[in-house]
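Enquirer: Below is one structure. I have some questions about it.
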Amino acid sequence: MRRLSYLLGWHTCQQSILMLLIFCVTIFSGKAQTTEDSLQKILKNDISDRDKVKTYNALAKIYSQKRDSLKTSQFAQQAIQLAQKINDFAGQADAYYWLGSLFVRKRYHEVGQQHLRQALGSAQKTKDLSRKGQAYFGLGESYRIQGQYPQALKYFNLSMETYKTLKNDLRLSEAYLKISGVLTRQGAYSKALDYGLQTLTIREKVGDQVKLKSAYNNLGVIYYYLQNYSKSLEYYEKTLKVNLQLGSKYRATISRINIGYVYYQLKNYPKALEYFNQALLVMQALKNKPGIASCCFAIGEVQVAQQKYNEALQQFKKAAVIEGNNDDSQARISVYLGRIYYAQKKYAQAIQALNKGLSLAQRIKSLVQQNKAYEVLAETYDALGKHQLAYQNYRLFKQTADSLTNEELTKRITRLEGEYQFAKEKDSLQYIQQKKQLAFDAEIETREANQRVTFVGLGLVSVLLLVSLWFFWDKQKSNRKLSIANTKLEQSHEEIKANNEEIQAANDQVMAMNDSLTDALDLVENQKSEIVAGITYAQRIQKALLPLDEKMQTSLANYFVFFRSRDVVSGDFYWFEQIAQRQFIVVADCTGHGVPGALMTVLGTQALNNIIVQNKIYEPGKILNRLDQTLQELLHTQNTSVRDGMDIMVDNATRQLHFAGAKNSLLLFQNGALNEVRAERYSINGYRMSGQTEIDYTNHVFDLTVPTTFYLYSDGYHDQFGGANGKKFMKKHFKELLQEIEPLPMAEQKRVLGQKLDEWMQAEEQIDDILVMGVRV
């Protein structure tokens, strides 16, 4: 019973420790290393499946915040598998959320959104509002980063309503902040300020500096667009101060970019450029691409104001390449490019760029960029003498300008600021009253606590006295038992002495047997050394039969051979020969691997020399037919075959490529398009249908006057087991990998194939010989 009570107590203790550690991950995720190690130790203990899911998710959260894709995916997938097994929908929701958040931060939005929708589905099954709000927020963030603001607002609003229901003010302030940022981008400054001030109110009550600085920065941006630069600078400087106190290099740099923009609007261009160039150096050192793009854009804006149009063009084009498919960034860049082309009197290019920017701005409902585009379009059409179009665009420019800066907006902003200040003063008075009440309550609680401590102390002294008496009685009882045990021990000693003499005699016999066994082991070791030496020599012979790199480099300008045998010697081989202007390439996979496969490669190599070099048979289809007949004559069996064989002949005189194959297809890329050329389904000297003696291998011909890359391979690469689930790599993924790396230099292609194979195999053993050859002509 004591043992059982101890185990139950320890199990309860483990659960408590686990919940404490997961709580620490949530609150102190910035100091996750110690927590991470502790969670790893918890997993080694005997805990319930539900606690394991929580632990996997806690680790996934840590690695997601570190942007470690491999480990996040590893722990999240473990959580998902176990959670599905025990129907833990909350655990599934958390795991999918951390996977989705990671992919969104790494800009893989399609995959990230897929995981976030799975998180939402799992949360809805349990009617878990907290996890639903979290999934909505993640989806909104993905659309916000892509500049797809209507979709972003949809999900941020769903998140906001969920957190209102839960009365979770901190999460609610996150939703307010994101909504405010999106509305600012759309030019809805009044609504943006409303949400921004609500964010500030909540976070001032919490007092968290990290959260508070985001609220400051957001208000700085809104006042910047409202052209209230003194107010904007006030909030930006507050943000910078907090970032410097927290030692956040990246965030402090963002604050300096924002301050630079204020100086830009105040037409202090040297000061603005000073801030922007300093920020660019930091972003380049941090290798932060979005940050680099922001700095390039900011520098370009200043250069436009300074009428340095060619320099500005270069900055905007750099930013456009980095930003990719971000609708908001591309809209702003396109409008600026239109402005530059207009200034350079390149009116056709200006109209094209402005229409592109206008289309993107309308898609994301950005009034600011629409307003700027209409203004420059009106000026451009006026310069071209197209006064009707100029007038239409000028009217649209005025309409959007009125929407951005009307009198009602100004009144609303003034009212919101007044409401914020009144609420702040009201909260201060309530705070003083609450402080007095808390001090009074604390004094009463202290007196009651002192009384409780006195009573507890007397109780502990009584318990200590009882425990001391029990230990004294137990010690006396133990001494009596020890005396009896000593008497029995002396009797046992005599019996052991007699047994030792018998064991010594038996030991002498064992020693004699050990001598005989040692001689036998020496004989086995010698035989093993001779076998290993023989196989090593066979490896040297096999390498000597393979084509020399110098010979292939002389004839083939661009190629690679990725060759990894499973054993010391291999059942895969490749063969090359140049005769006049014809180049012959063969890749083959013989039955078996190791020594039996290697013997087949010797036969295959010699047979190819005889067929092509001596008998001058040059057409690949006929070469494979002859090779099939030769091996049938030599081996007298269909159980030993060249399982997969591919023969290529490149005729430089006619600029044609001839191909014939057994089992494995040729993968041919021309102008970037993949063409899979099917091989015959019969292997060489393999199984034949009843009455079938010969196989006609088809000869395929291709034109080489266009850029061409082709790949020959055995089945070892795509049949290799690995990955998270220990499955085969599969030919489909192999073709996708080749399609991805085909534009790269051949040496880099070989390196990537090796790297991807190592990542795929992980702890799996190699199951077959692997051979891939790529040639670019």
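Every chain in the structure tokens takes a letter, A first, then B, and so on in the order presented; its residues are numbered from 1, and the ligands are numbered from 1 following the presented order.
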Do a neighbour search on Glu740 in chain A at 12 Å with only C-alpha atoms, toss out local chain neighbours closer than 6 positions, and write the hits as an MDAnalysis selection string.
Expert: chainID A and resid 669 672:674 733:734 749 752:753
Enquirer: Skipping near chain neighbours, those fewer than 6 positions away, what residues fall within 10 Å of range 760-763 of chain A using only C-alpha atoms, listed as a compact mmCIF listing (two decimals) with all heavy atoms, in the first residue's frame?
Expert:
# COMPACT_ATOMS: atom_id res chain seq x y z
N GLN A 720 13.91 4.37 -52.11
CA GLN A 720 14.51 4.46 -50.78
C GLN A 720 13.46 4.85 -49.73
O GLN A 720 12.66 5.77 -49.94
CB GLN A 720 15.65 5.49 -50.78
CG GLN A 720 16.31 5.68 -49.42
CD GLN A 720 16.91 4.40 -48.87
OE1 GLN A 720 17.60 3.69 -49.59
NE2 GLN A 720 16.63 4.09 -47.62
N PHE A 721 13.46 4.13 -48.59
CA PHE A 721 12.55 4.45 -47.50
C PHE A 721 13.09 5.61 -46.66
O PHE A 721 14.31 5.79 -46.54
CB PHE A 721 12.35 3.23 -46.59
CG PHE A 721 11.51 2.14 -47.23
CD1 PHE A 721 12.12 1.08 -47.90
CD2 PHE A 721 10.14 2.20 -47.18
CE1 PHE A 721 11.35 0.09 -48.49
CE2 PHE A 721 9.37 1.21 -47.78
CZ PHE A 721 9.97 0.15 -48.44
N GLY A 722 12.17 6.39 -46.07
CA GLY A 722 12.60 7.49 -45.21
C GLY A 722 11.43 8.41 -44.90
O GLY A 722 10.27 8.04 -44.98
N GLY A 723 11.74 9.67 -44.58
CA GLY A 723 10.69 10.64 -44.23
C GLY A 723 10.11 10.39 -42.85
O GLY A 723 10.52 9.47 -42.14
N ALA A 724 9.14 11.22 -42.49
CA ALA A 724 8.55 11.13 -41.14
C ALA A 724 7.83 9.81 -40.91
O ALA A 724 7.80 9.29 -39.79
CB ALA A 724 7.57 12.29 -40.92
N GLY A 726 8.45 6.82 -42.69
CA GLY A 726 9.20 5.65 -43.15
C GLY A 726 8.68 5.08 -44.46
O GLY A 726 8.70 3.87 -44.65
N LYS A 727 8.22 5.94 -45.39
CA LYS A 727 7.70 5.48 -46.66
C LYS A 727 8.73 5.66 -47.77
O LYS A 727 9.76 6.30 -47.59
CB LYS A 727 6.42 6.25 -47.01
CG LYS A 727 5.27 5.99 -46.05
CD LYS A 727 4.03 6.76 -46.49
CE LYS A 727 2.85 6.48 -45.55
NZ LYS A 727 1.63 7.24 -45.95
N LYS A 728 8.40 5.11 -48.97
CA LYS A 728 9.29 5.28 -50.11
C LYS A 728 9.26 6.73 -50.60
O LYS A 728 8.26 7.42 -50.48
CB LYS A 728 8.87 4.36 -51.27
CG LYS A 728 9.22 2.89 -51.05
CD LYS A 728 8.92 2.09 -52.32
CE LYS A 728 9.32 0.61 -52.15
NZ LYS A 728 9.07 -0.15 -53.39
N PHE A 729 10.39 7.16 -51.21
CA PHE A 729 10.47 8.51 -51.76
C PHE A 729 9.51 8.68 -52.93
O PHE A 729 8.90 9.74 -53.09
CB PHE A 729 11.91 8.79 -52.24
CG PHE A 729 12.17 10.22 -52.58
CD1 PHE A 729 12.41 11.15 -51.59
CD2 PHE A 729 12.16 10.66 -53.90
CE1 PHE A 729 12.64 12.47 -51.90
CE2 PHE A 729 12.39 11.98 -54.21
CZ PHE A 729 12.64 12.89 -53.21
N GLY A 754 22.22 14.60 -53.34
CA GLY A 754 22.80 13.97 -52.17
C GLY A 754 22.21 14.49 -50.88
O GLY A 754 21.89 13.74 -49.96
Enquirer: Just list as an MDAnalysis selection string whatever in range 512-667 of chain A DSSP marks as alpha helix (DSSP H).
Expert: chainID A and resid 512:545 549:555 594:608 620:635
Enquirer: Please, could you write that set of residues out with C-alpha atoms as a PDB file, in the first residue's frame?
Expert:
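File produced: out-v2.pdb:
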ATOM      1  CA  ALA A 512      40.320 -25.280 -20.918  1.00  0.00           C
ATOM      2  CA  MET A 513      37.200 -24.800 -23.117  1.00  0.00           C
ATOM      3  CA  ASN A 514      38.001 -21.065 -23.532  1.00  0.00           C
ATOM      4  CA  ASP A 515      41.423 -21.928 -24.991  1.00  0.00           C
ATOM      5  CA  SER A 516      39.760 -24.086 -27.668  1.00  0.00           C
ATOM      6  CA  LEU A 517      37.199 -21.365 -28.435  1.00  0.00           C
ATOM      7  CA  THR A 518      39.943 -18.727 -28.836  1.00  0.00           C
ATOM      8  CA  ASP A 519      41.665 -20.883 -31.482  1.00  0.00           C
ATOM      9  CA  ALA A 520      38.369 -21.207 -33.385  1.00  0.00           C
ATOM     10  CA  LEU A 521      37.729 -17.452 -33.264  1.00  0.00           C
ATOM     11  CA  ASP A 522      41.228 -16.756 -34.619  1.00  0.00           C
ATOM     12  CA  LEU A 523      40.477 -19.051 -37.579  1.00  0.00           C
ATOM     13  CA  VAL A 524      37.157 -17.230 -38.260  1.00  0.00           C
ATOM     14  CA  GLU A 525      38.860 -13.816 -38.037  1.00  0.00           C
ATOM     15  CA  ASN A 526      41.508 -14.868 -40.563  1.00  0.00           C
ATOM     16  CA  GLN A 527      38.842 -16.119 -42.972  1.00  0.00           C
ATOM     17  CA  LYS A 528      36.882 -12.868 -42.548  1.00  0.00           C
ATOM     18  CA  SER A 529      40.015 -10.795 -43.313  1.00  0.00           C
ATOM     19  CA  GLU A 530      40.613 -12.801 -46.513  1.00  0.00           C
ATOM     20  CA  ILE A 531      36.961 -12.324 -47.617  1.00  0.00           C
ATOM     21  CA  VAL A 532      37.062  -8.546 -46.917  1.00  0.00           C
ATOM     22  CA  ALA A 533      40.349  -8.237 -48.811  1.00  0.00           C
ATOM     23  CA  GLY A 534      38.803 -10.101 -51.751  1.00  0.00           C
ATOM     24  CA  ILE A 535      35.722  -7.850 -51.825  1.00  0.00           C
ATOM     25  CA  THR A 536      37.894  -4.717 -51.556  1.00  0.00           C
ATOM     26  CA  TYR A 537      39.961  -5.907 -54.523  1.00  0.00           C
ATOM     27  CA  ALA A 538      36.711  -6.592 -56.411  1.00  0.00           C
ATOM     28  CA  GLN A 539      35.715  -2.963 -55.712  1.00  0.00           C
ATOM     29  CA  ARG A 540      38.964  -1.769 -57.315  1.00  0.00           C
ATOM     30  CA  ILE A 541      38.281  -3.960 -60.357  1.00  0.00           C
ATOM     31  CA  GLN A 542      34.721  -2.624 -60.663  1.00  0.00           C
ATOM     32  CA  LYS A 543      35.895   0.993 -60.399  1.00  0.00           C
ATOM     33  CA  ALA A 544      38.479   0.304 -63.110  1.00  0.00           C
ATOM     34  CA  LEU A 545      35.673  -0.917 -65.426  1.00  0.00           C
ATOM     35  CA  ASP A 549      36.002  11.076 -65.345  1.00  0.00           C
ATOM     36  CA  GLU A 550      38.692  12.581 -67.596  1.00  0.00           C
ATOM     37  CA  LYS A 551      37.297  10.713 -70.598  1.00  0.00           C
ATOM     38  CA  MET A 552      33.703  11.836 -69.895  1.00  0.00           C
ATOM     39  CA  GLN A 553      34.740  15.434 -69.146  1.00  0.00           C
ATOM     40  CA  THR A 554      36.531  15.633 -72.505  1.00  0.00           C
ATOM     41  CA  SER A 555      33.442  14.460 -74.428  1.00  0.00           C
ATOM     42  CA  GLY A 594      26.927  -6.688 -53.472  1.00  0.00           C
ATOM     43  CA  VAL A 595      29.118  -9.411 -55.006  1.00  0.00           C
ATOM     44  CA  PRO A 596      26.402 -11.139 -57.199  1.00  0.00           C
ATOM     45  CA  GLY A 597      25.322  -7.817 -58.678  1.00  0.00           C
ATOM     46  CA  ALA A 598      28.933  -6.775 -59.221  1.00  0.00           C
ATOM     47  CA  LEU A 599      29.618  -9.950 -61.251  1.00  0.00           C
ATOM     48  CA  MET A 600      26.689  -9.060 -63.499  1.00  0.00           C
ATOM     49  CA  THR A 601      28.099  -5.535 -64.034  1.00  0.00           C
ATOM     50  CA  VAL A 602      31.378  -7.105 -65.310  1.00  0.00           C
ATOM     51  CA  LEU A 603      29.445  -9.235 -67.815  1.00  0.00           C
ATOM     52  CA  GLY A 604      27.338  -6.219 -68.876  1.00  0.00           C
ATOM     53  CA  THR A 605      30.360  -3.955 -69.359  1.00  0.00           C
ATOM     54  CA  GLN A 606      32.225  -6.504 -71.486  1.00  0.00           C
ATOM     55  CA  ALA A 607      29.114  -7.302 -73.532  1.00  0.00           C
ATOM     56  CA  LEU A 608      28.615  -3.568 -74.331  1.00  0.00           C
ATOM     57  CA  PRO A 620      20.204   1.973 -78.944  1.00  0.00           C
ATOM     58  CA  GLY A 621      17.223  -0.329 -79.631  1.00  0.00           C
ATOM     59  CA  LYS A 622      19.411  -2.824 -81.483  1.00  0.00           C
ATOM     60  CA  ILE A 623      22.120  -2.538 -78.788  1.00  0.00           C
ATOM     61  CA  LEU A 624      19.617  -3.613 -76.089  1.00  0.00           C
ATOM     62  CA  ASN A 625      18.276  -6.443 -78.338  1.00  0.00           C
ATOM     63  CA  ARG A 626      21.823  -7.740 -78.845  1.00  0.00           C
ATOM     64  CA  LEU A 627      22.634  -7.386 -75.132  1.00  0.00           C
ATOM     65  CA  ASP A 628      19.494  -9.418 -74.296  1.00  0.00           C
ATOM     66  CA  GLN A 629      20.559 -12.225 -76.691  1.00  0.00           C
ATOM     67  CA  THR A 630      24.152 -12.214 -75.403  1.00  0.00           C
ATOM     68  CA  LEU A 631      23.164 -12.584 -71.737  1.00  0.00           C
ATOM     69  CA  GLN A 632      20.706 -15.397 -72.585  1.00  0.00           C
ATOM     70  CA  GLU A 633      23.531 -17.284 -74.321  1.00  0.00           C
ATOM     71  CA  LEU A 634      26.028 -16.673 -71.480  1.00  0.00           C
ATOM     72  CA  LEU A 635      23.808 -17.306 -68.426  1.00  0.00           C
TER      73      LEU A 635
END
Enquirer: Contacts of Phe75 in chain A at 7 Å or less, counting only C-alpha atoms, minus same-chain residues fewer than 5 places along, as a list of chain:residue names?
Expert: A:Tyr56, A:Asn57, A:Leu59, A:Ala60
Enquirer: Just want the 6 Å neighbourhood of range 569-583 of chain A, counted on only C-alpha atoms, with same-chain residues fewer than 4 positions away dropped. Output as a PyMOL selection string.
Expert: chain A and resi 539+547+565+587-590+593-594+597-598+649-652
Enquirer: Of the candidates A:Gly774, A:Glu204, A:Thr55, A:Gly247, which shows the shortest atom-to-atom distance to Pro743 in chain A, using only C-alpha atoms?
Expert: A:Gly774
Enquirer: Set the distance at 9 Å and use only C-alpha atoms: which residues neighbour Ala361 in chain A once local chain neighbours fewer than 3 positions away are removed? I'd like the list as JSON, numbers by chain.
Expert: {"A": [186, 327, 328, 331, 332, 356, 357, 358, 364, 365, 366, 367, 368, 369, 370, 373]}
Enquirer: Suppose we keep C-alpha atoms; can you now write the selection as a short mmCIF file (atom, residue, chain, number, x, y, z; two decimals), in the first residue's frame?
Expert:
data_model
loop_
_atom_site.label_atom_id
_atom_site.label_comp_id
_atom_site.auth_asym_id
_atom_site.auth_seq_id
_atom_site.Cartn_x
_atom_site.Cartn_y
_atom_site.Cartn_z
CA GLN A 186 -7.04 50.97 -46.48
CA ASP A 327 -0.52 43.17 -53.14
CA ASP A 328 -0.10 46.16 -50.83
CA ALA A 331 0.48 48.62 -55.36
CA ARG A 332 2.61 51.26 -53.60
CA LYS A 356 -1.40 48.20 -62.34
CA GLY A 357 -1.07 49.99 -58.99
CA LEU A 358 -4.69 51.22 -59.19
CA ILE A 364 -7.25 45.51 -51.35
CA LYS A 365 -9.54 48.58 -50.92
CA SER A 366 -6.63 50.97 -50.24
CA LEU A 367 -8.02 54.51 -50.66
CA VAL A 368 -4.57 56.03 -50.10
CA GLN A 369 -2.98 54.34 -53.12
CA GLN A 370 -6.10 54.83 -55.25
CA ALA A 373 -2.77 56.79 -58.64
#
Enquirer: Sorted by chain and rising residue number, list the residues of range 244-281 of chain A at most 12 Å from range 216-228 of chain A (counting only C-alpha atoms), each with its closest atom pair and distance in Å to one decimal, as a Markdown table.
Expert:
| residue | atom | partner | partner_atom | distance |
| --- | --- | --- | --- | --- |
| A:Arg251 | CA | A:Asn217 | CA | 10.3 |
| A:Ala252 | CA | A:Asn217 | CA | 11.0 |
| A:Ile254 | CA | A:Asn217 | CA | 9.5 |
| A:Ser255 | CA | A:Asn217 | CA | 7.7 |
| A:Arg256 | CA | A:Asn217 | CA | 11.1 |
| A:Ile257 | CA | A:Val221 | CA | 11.3 |
| A:Asn258 | CA | A:Val221 | CA | 7.8 |
| A:Ile259 | CA | A:Gly220 | CA | 9.3 |
| A:Gly260 | CA | A:Tyr224 | CA | 11.4 |
| A:Tyr261 | CA | A:Tyr224 | CA | 8.5 |
| A:Val262 | CA | A:Tyr224 | CA | 7.2 |
| A:Tyr263 | CA | A:Tyr224 | CA | 10.8 |
| A:Tyr264 | CA | A:Tyr224 | CA | 11.0 |
| A:Gln265 | CA | A:Gln227 | CA | 8.3 |
| A:Leu266 | CA | A:Gln227 | CA | 9.9 |
Enquirer: I need the chosen residues saved as a compact mmCIF listing (two decimals), in the first residue's frame, with all heavy atoms.
Expert:
# COMPACT_ATOMS: atom_id res chain seq x y z
N ARG A 251 13.44 45.60 -33.82
CA ARG A 251 12.31 46.49 -33.57
C ARG A 251 12.78 47.95 -33.46
O ARG A 251 12.08 48.87 -33.91
CB ARG A 251 11.59 46.08 -32.29
CG ARG A 251 10.93 44.71 -32.38
CD ARG A 251 9.81 44.71 -33.38
NE ARG A 251 9.22 43.37 -33.54
CZ ARG A 251 8.32 43.07 -34.45
NH1 ARG A 251 7.93 43.99 -35.31
NH2 ARG A 251 7.84 41.85 -34.52
N ALA A 252 13.96 48.18 -32.85
CA ALA A 252 14.48 49.54 -32.75
C ALA A 252 14.76 50.10 -34.15
O ALA A 252 14.55 51.29 -34.41
CB ALA A 252 15.75 49.54 -31.91
N ILE A 254 13.09 49.27 -36.90
CA ILE A 254 11.78 49.63 -37.47
C ILE A 254 11.35 51.01 -36.97
O ILE A 254 10.82 51.84 -37.73
CB ILE A 254 10.72 48.57 -37.10
CG1 ILE A 254 11.06 47.21 -37.75
CG2 ILE A 254 9.33 49.02 -37.51
CD1 ILE A 254 10.98 47.20 -39.25
N SER A 255 11.58 51.28 -35.68
CA SER A 255 11.22 52.58 -35.12
C SER A 255 12.00 53.70 -35.80
O SER A 255 11.45 54.77 -36.09
CB SER A 255 11.49 52.60 -33.61
OG SER A 255 10.72 51.63 -32.94
N ARG A 256 13.27 53.46 -36.08
CA ARG A 256 14.09 54.48 -36.74
C ARG A 256 13.61 54.73 -38.18
O ARG A 256 13.67 55.85 -38.67
CB ARG A 256 15.56 54.06 -36.74
CG ARG A 256 16.19 54.14 -35.34
CD ARG A 256 17.70 53.99 -35.40
NE ARG A 256 18.30 54.21 -34.10
CZ ARG A 256 18.68 53.26 -33.26
NH1 ARG A 256 18.51 51.99 -33.61
NH2 ARG A 256 19.22 53.54 -32.10
N ILE A 257 13.15 53.66 -38.85
CA ILE A 257 12.58 53.85 -40.20
C ILE A 257 11.37 54.76 -40.12
O ILE A 257 11.20 55.69 -40.93
CB ILE A 257 12.20 52.49 -40.82
CG1 ILE A 257 13.45 51.65 -41.12
CG2 ILE A 257 11.41 52.69 -42.12
CD1 ILE A 257 13.15 50.24 -41.57
N ASN A 258 10.51 54.52 -39.13
CA ASN A 258 9.30 55.34 -38.97
C ASN A 258 9.64 56.80 -38.67
O ASN A 258 9.03 57.72 -39.21
CB ASN A 258 8.42 54.76 -37.87
CG ASN A 258 7.79 53.44 -38.26
OD1 ASN A 258 7.61 53.17 -39.45
ND2 ASN A 258 7.47 52.62 -37.30
N ILE A 259 10.65 57.01 -37.82
CA ILE A 259 11.09 58.38 -37.51
C ILE A 259 11.67 59.04 -38.76
O ILE A 259 11.44 60.23 -39.03
CB ILE A 259 12.11 58.37 -36.35
CG1 ILE A 259 11.41 57.94 -35.06
CG2 ILE A 259 12.76 59.74 -36.18
CD1 ILE A 259 12.37 57.67 -33.91
N GLY A 260 12.39 58.25 -39.56
CA GLY A 260 12.92 58.77 -40.83
C GLY A 260 11.81 59.27 -41.73
O GLY A 260 11.95 60.29 -42.42
N TYR A 261 10.66 58.56 -41.74
CA TYR A 261 9.53 58.98 -42.57
C TYR A 261 8.96 60.33 -42.10
O TYR A 261 8.50 61.13 -42.91
CB TYR A 261 8.44 57.91 -42.56
CG TYR A 261 8.54 56.97 -43.73
CD1 TYR A 261 8.81 55.61 -43.53
CD2 TYR A 261 8.38 57.42 -45.03
CE1 TYR A 261 8.91 54.74 -44.60
CE2 TYR A 261 8.47 56.55 -46.10
CZ TYR A 261 8.74 55.21 -45.89
OH TYR A 261 8.83 54.37 -46.95
N VAL A 262 8.97 60.56 -40.79
CA VAL A 262 8.48 61.85 -40.29
C VAL A 262 9.37 62.98 -40.82
O VAL A 262 8.88 64.02 -41.30
CB VAL A 262 8.43 61.85 -38.76
CG1 VAL A 262 8.06 63.24 -38.24
CG2 VAL A 262 7.42 60.82 -38.25
N TYR A 263 10.70 62.78 -40.75
CA TYR A 263 11.62 63.79 -41.28
C TYR A 263 11.44 63.97 -42.79
O TYR A 263 11.58 65.07 -43.33
CB TYR A 263 13.06 63.42 -40.96
CG TYR A 263 13.42 63.68 -39.51
CD1 TYR A 263 13.72 62.63 -38.65
CD2 TYR A 263 13.43 64.98 -38.99
CE1 TYR A 263 14.03 62.86 -37.31
CE2 TYR A 263 13.74 65.22 -37.66
CZ TYR A 263 14.04 64.16 -36.83
OH TYR A 263 14.33 64.41 -35.53
N TYR A 264 11.11 62.88 -43.47
CA TYR A 264 10.84 62.95 -44.92
C TYR A 264 9.64 63.86 -45.19
O TYR A 264 9.67 64.71 -46.09
CB TYR A 264 10.59 61.54 -45.45
CG TYR A 264 9.90 61.48 -46.79
CD1 TYR A 264 10.56 61.83 -47.97
CD2 TYR A 264 8.57 61.07 -46.88
CE1 TYR A 264 9.92 61.78 -49.19
CE2 TYR A 264 7.91 61.01 -48.09
CZ TYR A 264 8.59 61.36 -49.25
OH TYR A 264 7.94 61.30 -50.46
N GLN A 265 8.58 63.69 -44.41
CA GLN A 265 7.39 64.52 -44.61
C GLN A 265 7.66 65.98 -44.23
O GLN A 265 7.05 66.89 -44.79
CB GLN A 265 6.21 63.97 -43.79
CG GLN A 265 5.69 62.64 -44.27
CD GLN A 265 5.07 62.72 -45.65
OE1 GLN A 265 4.79 63.80 -46.16
NE2 GLN A 265 4.88 61.57 -46.28
N LEU A 266 8.60 66.18 -43.28
CA LEU A 266 8.97 67.54 -42.90
C LEU A 266 10.00 68.14 -43.86
O LEU A 266 10.54 69.21 -43.60
CB LEU A 266 9.53 67.54 -41.46
CG LEU A 266 8.52 67.15 -40.36
CD1 LEU A 266 9.21 66.98 -39.02
CD2 LEU A 266 7.40 68.18 -40.26
Enquirer: Near Phe563 in chain A, counting only C-alpha atoms, which residues have an atom at most 7 Å away, once you skip same-chain residues fewer than 5 positions from it, shown as a PDB file with N, CA and C atoms, in the first residue's frame?
Expert:
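That gives us part-v8.pdb:
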ATOM      1  N   ILE A 770      22.238   3.083 -55.674  1.00  0.00           N
ATOM      2  CA  ILE A 770      21.608   4.290 -56.207  1.00  0.00           C
ATOM      3  C   ILE A 770      22.510   4.891 -57.281  1.00  0.00           C
ATOM      4  N   LEU A 771      21.915   5.158 -58.456  1.00  0.00           N
ATOM      5  CA  LEU A 771      22.674   5.732 -59.567  1.00  0.00           C
ATOM      6  C   LEU A 771      21.765   6.697 -60.327  1.00  0.00           C
ATOM      7  N   VAL A 772      22.200   7.957 -60.462  1.00  0.00           N
ATOM      8  CA  VAL A 772      21.496   8.957 -61.273  1.00  0.00           C
ATOM      9  C   VAL A 772      22.536   9.676 -62.110  1.00  0.00           C
TER      10      VAL A 772
END
Enquirer: Can you work out which one of A:Ser69, A:Gln362, A:Gln74, A:Gly91 has the shortest atom-to-atom distance to Pro150 in chain A, counting only C-alpha atoms?
Expert: A:Gln362
Enquirer: Rounded to one decimal, what separation in Å do you get between CA of Val586 in chain A and CA of Leu712 in chain A?
Expert: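 Rounded to one decimal, the two atoms are 8.2 Å apart.
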Enquirer: Return the single residue from A:His718, A:Lys231, A:Arg107, A:Lys132 that is closest to Ile322 in chain A, with distances computed using only C-alpha atoms.
Expert: A:Arg107
Enquirer: Using only C-alpha atoms, which residue out of A:Leu744, A:Gln148, A:Ala58, A:Lys66 lies closest to Leu43 in chain A?
Expert: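 Smallest separation from Leu43 in chain A among the options: A:Ala58.
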Enquirer: Quick one: distance from CA of Leu666 in chain A to CA of Asn725 in chain A in Å, one decimal?
Expert: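 CA of Asn725 in chain A lies 28.9 Å from CA of Leu666 in chain A.
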